[in-house]
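Remarks on the structure that follows.
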Amino acid sequence: MKILVIEDQERLGRFLQQSLSECSYTVSWARNCADASDALAETGYDAIVLDLGLPDGDGLDLLRRWRSSGFKEPVLILSARDGVQDRVKGLDIGADDYLPKPFSLEELLARVRSLVRRQSSVKQVVFEHAGIRLDLLSHTVQMNGRSVDLTSREYALLEIFMQNQGRILPRTLISEKIWSSHYDVDTNLLDVYMSRLRSKLESPGRQLFKTVRGVGYQLV
């Protein structure tokens with residue numbers, strides 16, 4: 001299970017990273033909004049622990065942008081803002097839980113376990129969008145009820161989009177997930193596979209994949 005901790009205080013950040021790691025979580029630690037956004041763009045997390053008072057912005061604004069962009073990772077706000085209205089605002093914006101500082105480590109770990117359990121119980125094995133049906137268990141794809149024959153690379157590419165419907169995915173993120181360290185960013189390999197995928201799933205007047213110039217692609 002992967003946890004992203006967003007905390008600018010050095011001592012507290014290291015404490016959270018160590019404490020969660022001792023519970024067998026894989027923990028990434030970001031100290032500001034920019035690093036947090038980069039971390040979330042690179043990989044998915046099973047839970048996020050978010051401080052609000054960050055050096056380059058407010059954690060609530062960061063959370064609002066994430067939710068409006070389609071990020072669904074569960075978020076636990078950890079903040080010194082402990083008023084009722086603060087908690088209500090955080091939950092209304094999109095947090096899944098809110099724990100004021102100072103806090104009990106035992107309670108924090110219990111709340112993280114709860115978020116992770118909830119996340120695990122709702123993980124999808126079948127994704128559907130605009131007539132496409134992708135089944136992770138049977139490793140099959142259908143389009144309007146008809147089977148679509150995809151290569152392993154094409155299937156992996158479609159899986160990334162189906163799991164991130166509506167999100168703009170950077171070229172580097174897509175490529176690294178499919179080709180890992182073997183991908184050369186100077187090649188047009190991704191464009192070739194996108195063209196093949198479009199030819200099998202799109203039809204005249206029916207666009208499924210949008211090219212975002214200078215950034216990447218989006219399943220619309």
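In the structure tokens, each chain is lettered A, B, ... as it comes, each chain's residues begin at 1, and ligands are numbered from 1 in order of appearance.
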* **For Ile168 of chain A: contacts at 7 Å, only C-alpha atoms, fewer than 4 positions along chain excluded, given as a PyMOL selection string** => chain A and resi 216-218
* To do: Write out as JSON, numbers by chain all residues of segment 2-137 of chain A that backbone DSSP assigns to strand (DSSP E or B).
  => {"A": [2, 3, 4, 5, 6, 26, 27, 28, 29, 30, 47, 48, 49, 50, 53, 54, 57, 58, 75, 76, 77, 78, 79, 97, 98, 99, 100, 126, 127, 128, 129, 132, 133, 134, 135]}
Export, as a JSON list (two decimals), in the first residue's frame, the selected residues with C-alpha atoms.
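out_15.json written:
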```json
[["chain", "number", "residue", "atom", "x", "y", "z"],
["A", 2, "LYS", "CA", 1.37, 3.42, -1.00],
["A", 3, "ILE", "CA", 0.90, 6.53, 1.14],
["A", 4, "LEU", "CA", 1.73, 10.11, 0.16],
["A", 5, "VAL", "CA", 2.55, 12.40, 3.10],
["A", 6, "ILE", "CA", 2.41, 16.14, 2.37],
["A", 26, "THR", "CA", 5.43, 2.45, 1.08],
["A", 27, "VAL", "CA", 5.67, 6.14, 1.95],
["A", 28, "SER", "CA", 6.51, 9.14, -0.24],
["A", 29, "TRP", "CA", 7.03, 12.51, 1.42],
["A", 30, "ALA", "CA", 6.36, 15.86, -0.29],
["A", 47, "ALA", "CA", -4.15, 7.24, 0.74],
["A", 48, "ILE", "CA", -2.84, 10.79, 1.13],
["A", 49, "VAL", "CA", -2.07, 12.58, 4.40],
["A", 50, "LEU", "CA", -2.34, 16.30, 3.67],
["A", 53, "GLY", "CA", -0.29, 25.20, 5.72],
["A", 54, "LEU", "CA", 2.25, 24.62, 2.96],
["A", 57, "GLY", "CA", 0.05, 27.41, -1.21],
["A", 58, "ASP", "CA", -2.92, 26.25, 0.81],
["A", 75, "VAL", "CA", -7.30, 12.18, 1.56],
["A", 76, "LEU", "CA", -6.82, 12.60, 5.30],
["A", 77, "ILE", "CA", -6.29, 16.24, 6.25],
["A", 78, "LEU", "CA", -3.86, 16.69, 9.13],
["A", 79, "SER", "CA", -3.95, 20.31, 10.26],
["A", 97, "ASP", "CA", -11.25, 12.46, 6.85],
["A", 98, "TYR", "CA", -9.91, 15.27, 9.02],
["A", 99, "LEU", "CA", -7.61, 14.97, 12.03],
["A", 100, "PRO", "CA", -6.59, 18.14, 13.94],
["A", 126, "VAL", "CA", -14.38, -3.70, -14.79],
["A", 127, "PHE", "CA", -14.21, -0.24, -16.35],
["A", 128, "GLU", "CA", -16.79, 1.17, -18.75],
["A", 129, "HIS", "CA", -16.79, 4.37, -20.77],
["A", 132, "ILE", "CA", -15.97, 0.52, -24.08],
["A", 133, "ARG", "CA", -15.86, -2.27, -21.49],
["A", 134, "LEU", "CA", -12.47, -3.33, -20.11],
["A", 135, "ASP", "CA", -12.31, -6.33, -17.78]]
```
* Contacts of segment 195-197 of chain A at 9 Å (only C-alpha atoms; same-chain gap of 3+ positions) as a ChimeraX atom specification -> /A:150,154-155,157-158,190-192,200-202
* To do: Could you please determine the separation between atom CA of Arg31 of chain A and atom CA of Asp8 of chain A in Å, to one decimal place?
  => 4.3 Å
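Distances here use only C-alpha atoms; by that measure, the residue among A:Ser114, A:Arg153, A:Ala130, A:Phe161 closest to Arg206 of chain A is A:Ala130.
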* **Distance criterion (only C-alpha atoms): nearest to Gln163 of chain A out of A:Glu22, A:Ser203, A:Lys210, A:Gly44** =>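 Using only C-alpha atoms, the shortest distance to Gln163 of chain A belongs to A:Gly44.
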* When distances are computed from only C-alpha atoms, which of A:Gly145, A:Leu60, A:Arg213, A:Asp35 shows the smallest separation from Val88 of chain A? ->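 Closest to Val88 of chain A, using only C-alpha atoms: A:Leu60.
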* Asked: Between A:Pro204, A:Gly59, A:Gly83, A:Pro74, which one has atoms that come closest to Asp96 of chain A, using only C-alpha atoms?
  ->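 Ranking A:Pro204, A:Gly59, A:Gly83, A:Pro74 by distance to Asp96 of chain A, first place goes to A:Pro74.
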* From segment 35-219 of chain A, collect each residue whose DSSP state is alpha helix (DSSP H) and return the set as a VMD selection string. => chain A and resid 35 to 42 59 to 68 84 to 93 105 to 121 152 to 162 171 to 179 189 to 201
* **For segment 170-174 of chain A: contacts at 6 Å, only C-alpha atoms, fewer than 2 positions along chain excluded, given as a list in words** =>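 Residues meeting the cut-off are Glu42, Glu176, Lys177, Val215 and Gly216 of chain A.
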* Taking into account only C-alpha atoms, which residue in the set A:Ala36, A:Cys23, A:Asp51, A:Ser69 is nearest to Leu169 of chain A? ->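 Of the candidates, the smallest distance to Leu169 of chain A is held by A:Ser69.
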